[in-house]
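*Asks:* Below you'll find the structure I mean.
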Amino acid sequence: MNKPRQPTDLPPRYSPAEVEERIYRLWLERDSFSAHPDSGKKPYVIVIPPPNITGILTMGHVLNNTLQDILVRWQRMKGREVLWLPGTDHAGIATQNVVEQELRRQGLDREALGREKFVERVWKWKDKYGGTIIKQLKRLGCSCDWSRERFTLDRGLSRAVEEVFIRLYEKGLIYRGLYLVNWCPRCHTAVSDEEVEHEEVRGFLWRIKYPLASGQGEVVVATTRPETMLGDTAVAVNPADQRYRSLVGQELILPLAERPIPVIADRYVDSAFGTGAVKVTPAHDPNDFLIGRRHGLPSLTVMDTSGTMNENAPKEFVGLDRFHAREKVVERLRSGGLLAGVEPHVHMVGHCYRCRTVIEPYLSEQWFVKTKPLAEPAREAVLDGRIKFYPRRWVKVYRHWMDNIRDWCISRQLWWGHRIPAWYRGEEVHVGRSAPEGEGWRRDEDVLDTWFSSWLWPFSTLGWPDETEDLKAFYPTTALVTAPDIIFFWVARMIMAGLEFRGEVPFREVYFTGIIRDLEGRKMSKSLGNSPDPLDVIGEFGADALRFTIARLAPIGQDVYYSNAICELGRNFANKIWNASRYIRTVTAGAETADPEAELPRLTLDDRNILSLLQRTVRQVDGSLRRYHFNDAALSLYDFFWHHFCDRYLEASKFQLADEKSARAARTRGVLLEALAASLRLLHPFMPFITEEIGRIFGWEGLMVGADFPRLKRAFVSEPAETLAGTKYALVSAARTLRKDYGLTASRRLSFVFQPEDAELAATLGPERESMAALIRNCDCEIDGGYIPPGPLPSTLVDRCKVFMPLEGVIDFAQERNRYLKKLEKTEKALAQVSARLRDAGFMAKAPAEVREKSRVQEEELAREAEKIKTILSQLGA
């Protein structure tokens, strides 16, 4: 036997606000999160999906980063060399918009400042506000290696971006060309296909008459965007459409513009849509652009970069916003007798993912990456299993996108970002690390898409293009945890880049989280007002409560339905952990303890049961985390600690500790400490603050953050103990239920007789008689396989054992029979009323669904109550 060192007492209440900041500071002071490339340990590496510097912590960040932190803390405790690499994204469009808004409030604009001074202002803004979300992640308890924090515009990453651009250009995989792109008139920049969010819009389909130049008739075309007709350069029909075969090659007069355009035949045209004739506007529609290329049509741009009609439009429309121009075009067509009809039409319209402005297809010179050669190896890396997706269903989505991938528009008309390393002089183009020698060279004004730096994140953050020690030790990374909505923006492109520039996949596993929704199923957003501020939640409930609740609610790859009220679950659990630890601290401090492993033959059934269940929990938690089943791991921990350890074993321990100086008490204290220490280490990845604080107060050696994750102790595994203890607690529960059913308070001393069906069960239950009495409370217990009840008695059957509750001298049988007969009469009357209501056709037809369902539930509950009362009456001899 040995005595633990004397620790500090646990305060009566757990105060997250007092503990969390102090504990996090302790971790930083002890350098608990740093990774060492030369440690010789097997690495476990996660790169954080870099949040935007404009961002603040959202519930989506809480979900994603809590799950990442669970993984890295778990693996750190399992002895791996863990690197969780943090950083932030410069977020080109978003950040530039924020700073421009700030300038407007000061009566300034970026054009007046000039590029150099504007970029200086953005850097100042970044230095002042850009680290907000990092501080908030620390509040959540994230155990990143902050010494390695990176920024997508820092010097090292900028060098990597430039290197990649030049290599791909030299390989012929980056090119510049005049192409139709997705254009945001508000952000004044091109955006990639993946940055366009399509939404269903209730609009109109206008039918417009295009007169034949010969004056011998007309062709009616249908469009959802009549303002773009001002840029039409043809009308197309399907070559197989008999209605228009004779018109192919003839000319039409474009209404309002009054210029001739040809009728052409192209198989793209769907004869069944609209009139079967479509206007062709190569400069303002992606499909029309391709038709125009096939037929050598001119491309007439009739809008500027702000979505305003330009000088190529008829004079009366110049200067009008595109939507005002739409109204005027329709008005002029109607007044000119050229509007053949209009009908409501629901269609998908692209919006800028940043500002929600309707996207305008726009013809401009842009830089592109040829993605097909990069996509094929990346596609195979997932399909052949080198990279595993969790859940597996995302493989199909990934494959479909890779099979249909289009070239990536990487230039953006912004000032904030990685400037394209290209210079021009006349028709000459120079791409390189510095400006070419000679006069007259002009550098490209555009910057690169933000994702062009993010796709290099797994290796650029480790020092590439240099062969650093970090790169050798920590690439490829181990796992990636991310939201599925950036599978194309980021995940697919990182796989492409990793294979292209490192010859290896960037990670082995990808876990796609769900989406945080409110209890009505709506995605959480500021605009809906249904997204709580996580810092407020942490302030009210504590970081551990929020973390555990989120993990408990996160089934693999499914959406998470959250409300602040559900955080009570996490807070109550934290309080349970604290109170259990206080009790154990009280009964073990300074007292003799015995090593459970050494004393195994002399342990009680309750001791052996809790130690065996603990091993089962170790196995379940470890296995669940390996499969990314975070909620299953959280549920296993909750069930073990709350129900088995606290509700059962702590109660049983009070009986076993009655004689404080006995050997049994010393063994019990040893089991309590063994189970608590292992439980806290299992819980630490989920609830790091409270577990660290309790470990510190108990005076255990070292920090919990660096402790060993519990390993299975096979000596403690005992299925027979679990089975027998399960029977024991089922019998205890049955006795408590009998007492409750008869309305007998705990102050009334009772007797219970347990009648096992066989001698073996009687023999194993015999030693538990006193413990069972203590757990049932204020009663006497008898184990008697031959018990013959003197008459009708309250009883129940549980797992091959009858439980009797003799009541002679405890209650007045006649009085109780009358009471229950009245209760039965009242219950059956209520049941008849509800049943009649449910048989009423009028009620069933008119009542709301929730009212009908409530009545059905009420009927079932009343029927069960009536049956229960009848059973009691029979046991009372009625």
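Ordering of the structure tokens sets the chain letters (A, B, ...), residue numbers begin anew at 1 in every chain, and ligands are numbered from 1 in the order given.
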Give me the residues within 10 Å of region 669-677 of chain A as a PyMOL selection string, counting only C-alpha atoms and dropping any in the same chain fewer than 5 places off.

*Replies:* chain A and resi 1-2+577+580-581+583-585+587-589+591-597+599+603+606-608+610-611+613-615+641+645+649-650+653+656-657+660+663-664+682-683+691+694-695+698+700+704+710

*Asks:* Pick out the closest residue to Arg150 (chain A) from this set: A:Ser460, A:Thr58, A:Ser246, A:Asn312. Count only C-alpha atoms.

*Replies:* A:Ser460

*Asks:* Return as number ranges by chain the full set of residues in region 655-763 of chain A whose backbone-based DSSP assignment is helix (DSSP H, G or I).

*Replies:* A: 655-656, 663-683, 688-698, 704-706, 714-716, 719-741, 759-763

*Asks:* Kindly provide the residues of region 585-680 of chain A that approach region 69-82 of chain A to within 10 Å, each paired with its closest atom pair and their distance in Å to one decimal, based on only C-alpha atoms, listed by chain and increasing number, as JSON lines.

*Replies:*
```
{"residue": "A:Asp622", "atom": "CA", "partner": "A:Trp74", "partner_atom": "CA", "distance": 8.7}
{"residue": "A:Leu625", "atom": "CA", "partner": "A:Leu71", "partner_atom": "CA", "distance": 7.4}
{"residue": "A:Arg626", "atom": "CA", "partner": "A:Leu71", "partner_atom": "CA", "distance": 9.0}
{"residue": "A:Tyr628", "atom": "CA", "partner": "A:Leu71", "partner_atom": "CA", "distance": 8.8}
{"residue": "A:Phe630", "atom": "CA", "partner": "A:Ile70", "partner_atom": "CA", "distance": 8.6}
```

*Asks:* Mind dumping the selected residues with all heavy atoms as a PDB file, in the first residue's frame?

*Replies:*
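As written to disk, again27.pdb reads:
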```pdb
ATOM      1  N   ASP A 622     -11.114   4.561 -28.505  1.00  0.00           N
ATOM      2  CA  ASP A 622     -10.001   4.503 -29.444  1.00  0.00           C
ATOM      3  C   ASP A 622     -10.478   4.056 -30.828  1.00  0.00           C
ATOM      4  O   ASP A 622     -10.112   4.651 -31.854  1.00  0.00           O
ATOM      5  CB  ASP A 622      -8.928   3.542 -28.921  1.00  0.00           C
ATOM      6  CG  ASP A 622      -7.573   3.771 -29.563  1.00  0.00           C
ATOM      7  OD1 ASP A 622      -7.056   4.896 -29.446  1.00  0.00           O
ATOM      8  OD2 ASP A 622      -7.047   2.840 -30.199  1.00  0.00           O
ATOM      9  N   LEU A 625     -12.594   6.872 -32.571  1.00  0.00           N
ATOM     10  CA  LEU A 625     -11.785   7.970 -33.101  1.00  0.00           C
ATOM     11  C   LEU A 625     -11.013   7.540 -34.347  1.00  0.00           C
ATOM     12  O   LEU A 625     -10.824   8.337 -35.272  1.00  0.00           O
ATOM     13  CB  LEU A 625     -10.832   8.493 -32.026  1.00  0.00           C
ATOM     14  CG  LEU A 625     -11.504   9.240 -30.862  1.00  0.00           C
ATOM     15  CD1 LEU A 625     -10.464   9.708 -29.862  1.00  0.00           C
ATOM     16  CD2 LEU A 625     -12.334  10.415 -31.355  1.00  0.00           C
ATOM     17  N   ARG A 626     -10.582   6.290 -34.387  1.00  0.00           N
ATOM     18  CA  ARG A 626      -9.901   5.809 -35.596  1.00  0.00           C
ATOM     19  C   ARG A 626     -10.820   5.892 -36.812  1.00  0.00           C
ATOM     20  O   ARG A 626     -10.357   6.119 -37.930  1.00  0.00           O
ATOM     21  CB  ARG A 626      -9.440   4.354 -35.414  1.00  0.00           C
ATOM     22  CG  ARG A 626      -8.259   4.188 -34.485  1.00  0.00           C
ATOM     23  CD  ARG A 626      -7.874   2.708 -34.373  1.00  0.00           C
ATOM     24  NE  ARG A 626      -6.958   2.498 -33.272  1.00  0.00           N
ATOM     25  CZ  ARG A 626      -5.649   2.700 -33.335  1.00  0.00           C
ATOM     26  NH1 ARG A 626      -5.121   3.126 -34.468  1.00  0.00           N
ATOM     27  NH2 ARG A 626      -4.882   2.478 -32.282  1.00  0.00           N
ATOM     28  N   TYR A 628     -13.300   8.083 -37.096  1.00  0.00           N
ATOM     29  CA  TYR A 628     -13.869   9.440 -37.121  1.00  0.00           C
ATOM     30  C   TYR A 628     -15.319   9.458 -36.626  1.00  0.00           C
ATOM     31  O   TYR A 628     -16.093  10.325 -37.009  1.00  0.00           O
ATOM     32  CB  TYR A 628     -13.772  10.055 -38.527  1.00  0.00           C
ATOM     33  CG  TYR A 628     -12.352  10.241 -38.986  1.00  0.00           C
ATOM     34  CD1 TYR A 628     -11.727   9.277 -39.780  1.00  0.00           C
ATOM     35  CD2 TYR A 628     -11.609  11.360 -38.616  1.00  0.00           C
ATOM     36  CE1 TYR A 628     -10.408   9.423 -40.195  1.00  0.00           C
ATOM     37  CE2 TYR A 628     -10.287  11.521 -39.031  1.00  0.00           C
ATOM     38  CZ  TYR A 628      -9.697  10.543 -39.810  1.00  0.00           C
ATOM     39  OH  TYR A 628      -8.401  10.702 -40.215  1.00  0.00           O
ATOM     40  N   PHE A 630     -16.810  10.579 -33.946  1.00  0.00           N
ATOM     41  CA  PHE A 630     -16.627  11.411 -32.750  1.00  0.00           C
ATOM     42  C   PHE A 630     -17.805  11.298 -31.790  1.00  0.00           C
ATOM     43  O   PHE A 630     -17.616  11.254 -30.570  1.00  0.00           O
ATOM     44  CB  PHE A 630     -16.433  12.874 -33.162  1.00  0.00           C
ATOM     45  CG  PHE A 630     -15.212  13.118 -33.988  1.00  0.00           C
ATOM     46  CD1 PHE A 630     -15.278  13.148 -35.375  1.00  0.00           C
ATOM     47  CD2 PHE A 630     -13.970  13.304 -33.395  1.00  0.00           C
ATOM     48  CE1 PHE A 630     -14.150  13.370 -36.147  1.00  0.00           C
ATOM     49  CE2 PHE A 630     -12.833  13.529 -34.149  1.00  0.00           C
ATOM     50  CZ  PHE A 630     -12.920  13.556 -35.542  1.00  0.00           C
TER      51      PHE A 630
END
```

*Asks:* I'd like the neighbourhood of region 824-835 of chain A as a PyMOL selection string, where a residue qualifies if any of its atoms comes within 9 Å (using only C-alpha atoms), though same-chain residues fewer than 4 positions away should be ignored.

*Replies:* chain A and resi 819-820+839-840+855-856+858-863+865-867+869-870

*Asks:* Between A:Ala222, A:Leu339, A:Ala845, A:Cys142, which has the minimum distance to Ser32 (chain A) (counting only C-alpha atoms)?

*Replies:* A:Cys142

*Asks:* Can you pull out the residues contacting region 205-217 of chain A? Cut-off 7 Å, using only C-alpha atoms, and skip same-chain residues under 6 positions away; I want them as a list in words.

*Replies:*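 Selected residues are Thr223, Thr224, Glu251, Leu252, Ile253, Leu254, Pro255, Leu338, Leu339, Ala340, Gly341, Val342, Glu343, Pro344 and His345 of chain A.
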
*Asks:* Would you compute the distance between CA of Lys388 (chain A) and CA of Val705 (chain A)? Give it in Å to one decimal.

*Replies:*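 Taking CA of Lys388 (chain A) as the start and CA of Val705 (chain A) as the end point, the length is 28.4 Å.
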
*Asks:* When distances are computed from only C-alpha atoms, which of A:Leu180, A:Leu519, A:Ile495, A:Ile690 shows the smallest separation from Leu290 (chain A)?

*Replies:*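 Between A:Leu180, A:Leu519, A:Ile495, A:Ile690, the residue approaching Leu290 (chain A) most closely is A:Leu180.
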
*Asks:* Quick one: distance from CA of Leu157 (chain A) to CA of Pro484 (chain A) in Å, one decimal?

*Replies:* 25.0 Å

*Asks:* Quick check, in Å to one decimal: how far apart do CA of Leu793 (chain A) and CA of Cys779 (chain A) lie?

*Replies:*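 Straight-line distance from CA of Leu793 (chain A) to CA of Cys779 (chain A) works out to 16.6 Å.
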
*Asks:* When DSSP works through the backbone of this structure, what residues of region 766-857 of chain A end up as strand (DSSP E), shown as a ChimeraX atom specification?

*Replies:* /A:779-783,795-798,801-804

*Asks:* My list of candidates is A:Lys576, A:Arg243, A:Lys135, A:Lys822. Which is closest to Pro12 (chain A) when distances are computed with only C-alpha atoms?

*Replies:*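 Between A:Lys576, A:Arg243, A:Lys135, A:Lys822, the residue approaching Pro12 (chain A) most closely is A:Lys576.
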
*Asks:* List as a count of residues only the protein and nucleic acid residues near region 44-54 of chain A, meaning an atom at most 9 Å away when only C-alpha atoms are counted, but skip any in the same chain fewer than 6 places from it.

*Replies:* 47

*Asks:* Kindly provide the residues of region 133-225 of chain A that approach region 418-442 of chain A to within 7 Å, each paired with its closest atom pair and their distance in Å to one decimal, based on only C-alpha atoms, listed by chain and increasing number, as a tab-separated table.

*Replies:*
```
residue	atom	partner	partner_atom	distance
A:Ser158	CA	A:His418	CA	6.8
A:Glu162	CA	A:Pro421	CA	6.8
A:Ile166	CA	A:Gly432	CA	6.2
```

*Asks:* Which neighbours of region 360-376 of chain A fall inside 7 Å, counting only C-alpha atoms, when residues of the same chain fewer than 3 positions from it are skipped, and could you give them as JSON, numbers by chain?

*Replies:* {"A": [173, 174, 175, 176, 177, 178, 179, 180, 181, 182, 183, 184, 283, 284, 285, 286, 379, 380, 402, 405, 406, 407, 408, 409, 410, 411, 496]}
